[in-house]
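Peer 1: Handing over target-v5.tsv, TSV, C-alpha atoms.
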chain	number	residue	atom	x	y	z
N	1	MET	CA	13.83	-9.54	45.98
N	2	ASN	CA	15.07	-5.98	46.36
N	3	ILE	CA	18.87	-5.70	46.39
N	4	VAL	CA	20.71	-2.44	47.10
N	5	VAL	CA	24.41	-2.48	46.22
N	6	CYS	CA	26.55	0.32	47.64
N	7	VAL	CA	29.21	1.60	45.25
N	8	LYS	CA	31.89	4.23	45.77
N	9	TYR	CA	33.46	6.73	43.41
N	10	VAL	CA	37.22	6.84	44.11
N	11	PRO	CA	40.20	8.64	42.58
N	12	ASP	CA	41.90	6.66	39.83
N	13	ALA	CA	44.95	5.02	41.42
N	14	THR	CA	46.89	5.44	38.16
N	15	GLY	CA	46.27	9.19	38.10
N	16	ASP	CA	47.77	12.10	39.99
N	17	ARG	CA	45.90	11.90	43.29
N	18	LYS	CA	46.03	14.85	45.67
N	19	PHE	CA	44.49	16.48	48.72
N	20	GLU	CA	42.37	19.60	49.08
N	21	SER	CA	43.57	22.54	51.17
N	22	ASP	CA	41.70	21.08	54.17
N	23	ASN	CA	43.59	17.77	53.75
N	24	THR	CA	40.58	15.87	52.46
N	25	VAL	CA	40.91	13.75	49.32
N	26	ASP	CA	40.30	15.70	46.13
N	27	ARG	CA	37.37	13.92	44.47
N	28	VAL	CA	36.45	16.69	42.02
N	29	GLY	CA	39.68	17.79	40.35
N	30	VAL	CA	40.96	14.28	39.60
N	31	ASP	CA	39.85	11.42	37.42
N	32	GLY	CA	37.65	8.96	39.27
N	33	LEU	CA	35.96	5.62	38.74
N	34	LEU	CA	33.94	2.90	40.42
N	35	SER	CA	36.02	1.34	43.21
N	36	GLU	CA	37.37	-1.97	41.93
N	37	LEU	CA	36.41	-3.78	45.13
N	38	ASP	CA	32.82	-2.58	44.72
N	39	GLU	CA	32.69	-4.17	41.27
N	40	TYR	CA	32.69	-7.54	43.06
N	41	ALA	CA	29.67	-6.40	45.09
N	42	VAL	CA	27.86	-5.46	41.89
N	43	GLU	CA	28.78	-8.80	40.33
N	44	GLN	CA	27.48	-10.82	43.27
N	45	SER	CA	24.28	-8.78	43.31
N	46	LEU	CA	23.73	-9.52	39.63
N	47	GLN	CA	24.47	-13.22	40.12
N	48	LEU	CA	21.93	-13.36	42.94
N	49	LYS	CA	19.39	-11.69	40.68
N	50	GLU	CA	20.03	-14.24	37.94
N	51	LYS	CA	19.49	-17.11	40.41
N	52	GLN	CA	16.17	-15.83	41.73
N	53	ASP	CA	12.95	-17.14	40.25
N	54	ASP	CA	10.95	-14.03	41.10
N	55	ASP	CA	11.38	-10.46	39.96
N	56	THR	CA	14.53	-9.06	41.53
N	57	THR	CA	15.65	-5.45	41.34
N	58	VAL	CA	19.24	-4.31	41.83
N	59	THR	CA	19.67	-0.66	42.79
N	60	ALA	CA	23.15	0.91	42.72
N	61	LEU	CA	23.56	3.47	45.52
N	62	CYS	CA	26.40	5.99	45.56
N	63	ILE	CA	27.39	9.05	47.61
N	64	GLY	CA	29.70	11.60	46.05
N	65	PRO	CA	30.16	14.72	43.92
N	66	GLU	CA	28.61	15.14	40.50
N	67	GLY	CA	31.34	13.02	38.91
N	68	ALA	CA	30.29	10.09	41.10
N	69	ALA	CA	27.45	9.53	38.66
N	70	ASP	CA	30.08	7.65	36.63
N	71	ALA	CA	30.23	4.95	39.33
N	72	VAL	CA	26.45	4.53	39.20
N	73	ARG	CA	26.57	4.46	35.41
N	74	LYS	CA	29.21	1.68	35.46
N	75	ALA	CA	27.01	-0.42	37.75
N	76	LEU	CA	24.06	0.11	35.40
N	77	GLN	CA	26.19	-0.89	32.43
N	78	MET	CA	27.13	-4.10	34.24
N	79	GLY	CA	23.44	-4.91	34.70
N	80	ALA	CA	21.96	-3.06	37.70
N	81	ASP	CA	18.36	-1.98	37.11
N	82	LYS	CA	18.40	1.55	38.51
N	83	GLY	CA	20.60	3.95	40.39
N	84	VAL	CA	20.50	6.45	43.23
N	85	HIS	CA	23.11	9.20	43.52
N	86	VAL	CA	23.28	11.19	46.77
N	87	VAL	CA	25.09	14.46	46.10
N	88	ASP	CA	25.36	17.38	48.52
N	89	ASP	CA	28.24	19.76	49.18
N	90	ALA	CA	27.74	19.30	52.93
N	91	ILE	CA	28.81	15.64	52.69
N	92	ALA	CA	32.39	16.47	51.67
N	93	GLY	CA	34.90	15.34	54.28
N	94	SER	CA	32.53	12.92	56.00
N	95	ASP	CA	34.06	10.10	58.03
N	96	TYR	CA	32.83	6.50	58.24
N	97	LEU	CA	30.13	7.31	60.78
N	98	ALA	CA	28.61	10.07	58.69
N	99	THR	CA	28.91	8.03	55.51
N	100	SER	CA	27.03	5.14	57.08
N	101	LYS	CA	24.36	7.55	58.31
N	102	VAL	CA	23.73	8.90	54.81
N	103	LEU	CA	23.80	5.43	53.26
N	104	ALA	CA	21.33	4.11	55.83
N	105	ALA	CA	18.95	7.01	55.20
N	106	ALA	CA	19.16	6.37	51.45
N	107	VAL	CA	18.53	2.63	51.85
N	108	GLU	CA	15.47	3.40	53.99
N	109	LYS	CA	14.21	5.85	51.39
N	110	ILE	CA	14.65	3.25	48.63
N	111	GLY	CA	12.55	1.01	50.85
N	112	ASP	CA	12.01	-2.73	51.42
N	113	ALA	CA	15.62	-3.77	50.88
N	114	ASP	CA	16.03	-7.53	51.32
N	115	LEU	CA	19.77	-7.40	50.83
N	116	VAL	CA	22.31	-4.58	51.09
N	117	VAL	CA	25.57	-5.58	49.41
N	118	CYS	CA	28.92	-3.82	49.86
N	119	GLY	CA	32.50	-4.39	48.81
N	120	MET	CA	34.99	-5.53	51.45
N	121	ALA	CA	36.55	-2.03	51.51
N	122	SER	CA	37.09	0.96	49.28
N	123	THR	CA	40.32	1.24	47.34
N	124	ASP	CA	40.98	4.79	48.58
N	125	ALA	CA	40.40	4.30	52.33
N	126	GLY	CA	40.42	0.57	53.10
N	127	GLY	CA	38.60	0.89	56.41
N	128	SER	CA	36.22	-2.07	55.93
N	129	VAL	CA	33.92	-0.74	58.66
N	130	VAL	CA	31.05	0.88	56.75
N	131	PRO	CA	29.11	-2.39	56.16
N	132	ALA	CA	29.04	-3.08	59.92
N	133	MET	CA	28.03	0.49	60.72
N	134	LEU	CA	25.36	0.36	58.04
N	135	ALA	CA	23.94	-2.87	59.47
N	136	GLU	CA	23.79	-1.31	62.93
N	137	ARG	CA	21.95	1.76	61.68
N	138	LEU	CA	19.48	-0.36	59.70
N	139	ASP	CA	19.07	-2.79	62.62
N	140	LEU	CA	19.91	-5.71	60.33
N	141	PRO	CA	22.19	-8.73	60.78
N	142	GLN	CA	25.50	-8.55	58.96
N	143	VAL	CA	27.72	-11.11	57.27
N	144	THR	CA	31.01	-9.63	56.11
N	145	PHE	CA	33.96	-10.69	53.95
N	146	GLY	CA	32.07	-13.35	52.04
N	147	SER	CA	34.19	-15.19	49.46
N	148	VAL	CA	31.48	-17.62	48.31
N	149	ILE	CA	27.80	-16.67	48.27
N	150	GLU	CA	25.09	-19.31	47.90
N	151	SER	CA	21.37	-18.59	48.04
N	152	GLN	CA	18.01	-20.28	47.90
N	153	GLY	CA	15.24	-17.75	48.04
N	154	LYS	CA	15.99	-15.57	51.05
N	155	GLU	CA	18.25	-18.17	52.69
N	156	PHE	CA	21.98	-17.60	52.30
N	157	ARG	CA	25.16	-19.55	53.00
N	158	ILE	CA	28.32	-17.49	53.03
N	159	LYS	CA	31.88	-18.83	53.12
N	160	ARG	CA	34.22	-16.57	55.03
N	161	ASP	CA	37.98	-17.15	54.88
N	162	GLY	CA	39.99	-16.07	57.92
N	163	ASP	CA	43.70	-16.16	58.69
N	164	THR	CA	43.51	-19.48	60.51
N	165	ALA	CA	40.11	-20.97	59.61
N	166	THR	CA	37.22	-20.90	57.17
N	167	GLU	CA	33.68	-20.30	58.39
N	168	VAL	CA	30.40	-21.13	56.68
N	169	ILE	CA	27.64	-18.88	57.95
N	170	GLY	CA	23.91	-19.20	57.36
N	171	ALA	CA	21.71	-16.12	57.25
N	172	THR	CA	18.20	-15.11	56.28
N	173	ALA	CA	17.34	-11.87	54.49
N	174	PRO	CA	16.99	-9.03	55.16
N	175	LEU	CA	20.67	-8.56	55.92
N	176	VAL	CA	23.80	-6.59	55.06
N	177	LEU	CA	26.47	-8.52	53.15
N	178	SER	CA	30.00	-7.57	52.17
N	179	VAL	CA	31.99	-9.62	49.64
N	180	THR	CA	35.70	-9.97	48.97
N	181	ASP	CA	37.70	-9.90	45.77
N	182	GLN	CA	37.75	-13.71	45.92
N	183	SER	CA	34.01	-13.97	45.29
N	184	GLY	CA	34.38	-14.07	41.50
N	185	GLU	CA	35.60	-11.88	38.67
N	186	ALA	CA	33.38	-8.93	37.87
N	187	ARG	CA	31.89	-8.90	34.39
N	188	TYR	CA	32.79	-6.31	31.78
N	189	PRO	CA	29.93	-4.16	30.50
N	190	SER	CA	28.81	-5.38	27.10
N	191	PHE	CA	27.91	-3.02	24.27
N	192	LYS	CA	24.27	-3.98	24.82
N	193	GLY	CA	24.62	-3.21	28.52
N	194	ILE	CA	26.23	0.16	27.84
N	195	MET	CA	23.41	1.18	25.51
N	196	ALA	CA	20.71	-0.15	27.85
N	197	ALA	CA	22.17	1.80	30.78
N	198	LYS	CA	21.32	5.08	29.06
N	199	LYS	CA	17.62	4.35	29.50
N	200	LYS	CA	17.75	3.13	33.10
N	201	PRO	CA	16.41	5.48	35.78
N	202	VAL	CA	18.81	7.33	38.07
N	203	GLU	CA	17.50	9.44	40.94
N	204	THR	CA	19.56	12.25	42.48
N	205	TRP	CA	18.94	13.00	46.15
N	206	SER	CA	20.24	15.63	48.53
N	207	LEU	CA	20.52	15.49	52.32
N	208	SER	CA	17.18	17.27	52.64
N	209	ASP	CA	15.56	14.55	50.54
N	210	LEU	CA	16.87	12.01	53.06
N	211	GLY	CA	15.98	14.03	56.14
N	212	VAL	CA	19.62	14.16	57.25
N	213	ASP	CA	20.85	17.28	59.06
N	214	ALA	CA	23.83	18.79	57.25
N	215	GLY	CA	25.40	19.51	60.64
N	216	GLU	CA	25.70	15.77	61.32
N	217	VAL	CA	27.93	15.09	58.31
N	218	GLY	CA	30.94	16.64	56.65
N	219	LEU	CA	34.40	17.51	57.90
N	220	ASP	CA	33.23	19.56	60.90
N	221	ALA	CA	31.26	16.59	62.24
N	222	ALA	CA	34.04	14.05	61.61
N	223	TRP	CA	35.56	12.28	64.63
N	224	THR	CA	38.99	12.29	62.99
N	225	GLN	CA	40.81	14.77	60.81
N	226	VAL	CA	44.04	14.77	58.82
N	227	GLU	CA	46.24	17.62	60.08
N	228	GLN	CA	49.08	17.29	57.61
N	229	ALA	CA	49.84	15.46	54.37
N	230	ASP	CA	53.26	15.46	52.71
N	231	ALA	CA	53.96	14.50	49.13
N	232	ARG	CA	55.89	11.29	48.59
N	233	PRO	CA	59.61	12.12	48.22
N	234	PRO	CA	61.17	11.49	44.82
N	235	LYS	CA	62.74	8.10	44.32
N	236	GLU	CA	66.46	8.09	45.02
N	237	ALA	CA	69.13	5.98	43.43
N	238	GLY	CA	69.87	2.78	45.28
N	239	GLU	CA	73.15	2.07	47.02
N	240	ILE	CA	75.40	-0.45	45.30
N	241	VAL	CA	77.38	-2.75	47.61
N	242	THR	CA	80.53	-4.10	46.02
N	243	ASP	CA	82.27	-7.21	47.26
N	244	GLU	CA	85.95	-6.47	47.64
N	245	GLU	CA	87.90	-9.25	49.28
N	246	GLY	CA	84.81	-10.61	51.03
N	247	SER	CA	83.70	-7.27	52.48
N	248	GLY	CA	80.32	-7.29	50.68
N	249	ALA	CA	78.53	-9.34	53.36
N	250	ASP	CA	79.73	-7.04	56.15
N	251	ALA	CA	78.66	-3.97	54.20
N	252	LEU	CA	75.23	-5.46	53.53
N	253	VAL	CA	74.72	-6.39	57.18
N	254	GLY	CA	75.79	-2.91	58.24
N	255	PHE	CA	73.32	-1.31	55.85
N	256	LEU	CA	70.43	-3.50	57.04
N	257	ALA	CA	71.30	-2.80	60.67
N	258	SER	CA	71.43	0.97	60.05
N	259	LYS	CA	67.89	0.82	58.68
N	260	LYS	CA	66.81	-1.38	61.63
N	261	PHE	CA	65.82	-4.20	59.30
N	262	ILE	CA	67.85	-6.60	61.44
How does this structure look as C-alpha cells?
Peer 2:
Amino acid sequence: MNIVVCVKYVPDATGDRKFESDNTVDRVGVDGLLSELDEYAVEQSLQLKEKQDDDTTVTALCIGPEGAADAVRKALQMGADKGVHVVDDAIAGSDYLATSKVLAAAVEKIGDADLVVCGMASTDAGGSVVPAMLAERLDLPQVTFGSVIESQGKEFRIKRDGDTATEVIGATAPLVLSVTDQSGEARYPSFKGIMAAKKKPVETWSLSDLGVDAGEVGLDAAWTQVEQADARPPKEAGEIVTDEEGSGADALVGFLASKKFI
C-alpha cells in the first residue's frame, strides 16, 4: 500500500507570531514546526503501515518555505519512509484552493497513492476544508474527521463523532482520509528514528516540476485577502467589584449588562 500523509509547517504558537507587510502569515522569520494536528495523521499512517501484511510506504508531503523541511524531517523521525517538500516563492500567500491544487499535483506526481491522510485542520488556519478539496481534485472519495480507523487490506471502517450522533463509515481505497486529535496519541521520535531519518530520501519539487502555473497560486490568485491586521492590545487590569451594603450584586449585573453579556 502507498500512503501519502500531508503535513504542514506552521508558526510555533508559543513564539512571537506576526504578519508580513502584505498581511500574510510570516512563515520565514519565525520559529516553525510540524502542525500538532498533523502529527495524528502521521501516527495513523504509521499504524496502518504496521497493520499491513504487504510492503507499505508512507510518504510525508509538505508545502512551504525552506524551513518547512523541518516538518518533513519530524515525520521521517516518527517513522515515515520518505518525504517530498514542495517549495516555490510563488506559493506564498496561497489560499485553500491553491493549496489543494499544489497538493493534488504532488500526490499525482508521487503516483499510485492508495490512501491520502490529512489532519483534521491546521493549527494556524483551522479551515478543515483542504482534505475535501484535495479529494475533489484527485477524484477520490473522502472520509473526514475520523476518530477511530480500522482496516483490513484496502477496506476501511472509520468512526466519525458528530455533535449529536456517531457514524461508522465503510470505505475502500483509494481514498482521502482526515483524522482528528481523538484518533490516538502521536508517538515521540526515538533516538533510533532520529538517526534513521538522516538517511531517508527527501525530494524537493518546485511548481514547474509539478506542472502548476505560478499564476494560479499565491496571493494574487487567492479568492480572499486580509486587508488589515491589528496587534492584540496589552492586557489591562481587571475591575474589582466591592460589596458595600449589598451593592456588589447590582454592580456586577451592571457591568455584565454594559458588556452585553446579559
Peer 1: Would you pick out the contacts of range 37-40 of chain N at 12 Å or less, using all atoms listed in the file, so that residues sharing its chain but fewer than 4 positions from it are not included, and give the list as a PyMOL selection string?
Peer 2: chain N and resi 5-10+33+44-47+60-62+71-72+74-80+117-126+128+145-149+177-189
Peer 1: Quick one: of N:Gly238, N:Gly83, N:Gly215, N:Gly111, who's nearest to Pro174 in chain N, counting all atoms listed in the file?
Peer 2: N:Gly111
Peer 1: Do a neighbour search on Ser151 in chain N at 10 Å with all atoms listed in the file, toss out local chain neighbours closer than 4 positions, and write the hits as a JSON list (two decimals) with C-alpha atoms, in the coordinates of the input.
Peer 2:
[["chain", "number", "residue", "atom", "x", "y", "z"],
["N", 48, "LEU", "CA", 21.93, -13.36, 42.94],
["N", 51, "LYS", "CA", 19.49, -17.11, 40.41],
["N", 52, "GLN", "CA", 16.17, -15.83, 41.73],
["N", 155, "GLU", "CA", 18.25, -18.17, 52.69],
["N", 156, "PHE", "CA", 21.98, -17.60, 52.30],
["N", 157, "ARG", "CA", 25.16, -19.55, 53.00],
["N", 158, "ILE", "CA", 28.32, -17.49, 53.03],
["N", 170, "GLY", "CA", 23.91, -19.20, 57.36],
["N", 171, "ALA", "CA", 21.71, -16.12, 57.25],
["N", 172, "THR", "CA", 18.20, -15.11, 56.28]]
Peer 1: Can you pull out every residue within 10 Å of Ala132 in chain N, counting all atoms listed in the file, but drop anything in the same chain fewer than 6 positions away, and send it as a ChimeraX atom specification?
Peer 2: /N:100,138,140-144,176-178
Peer 1: Between CA of Lys18 in chain N and CA of Glu227 in chain N, what distance in Å does the model show, to one decimal?
Peer 2: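 According to the coordinates, CA of Lys18 in chain N and CA of Glu227 in chain N are separated by 14.7 Å.
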Peer 1: Pick out the closest residue to Ser21 in chain N from this set: N:Gly93, N:Pro65, N:Lys159, N:Thr164. Count only C-alpha atoms.
Peer 2: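 For Ser21 in chain N, the nearest of the given residues is N:Gly93.
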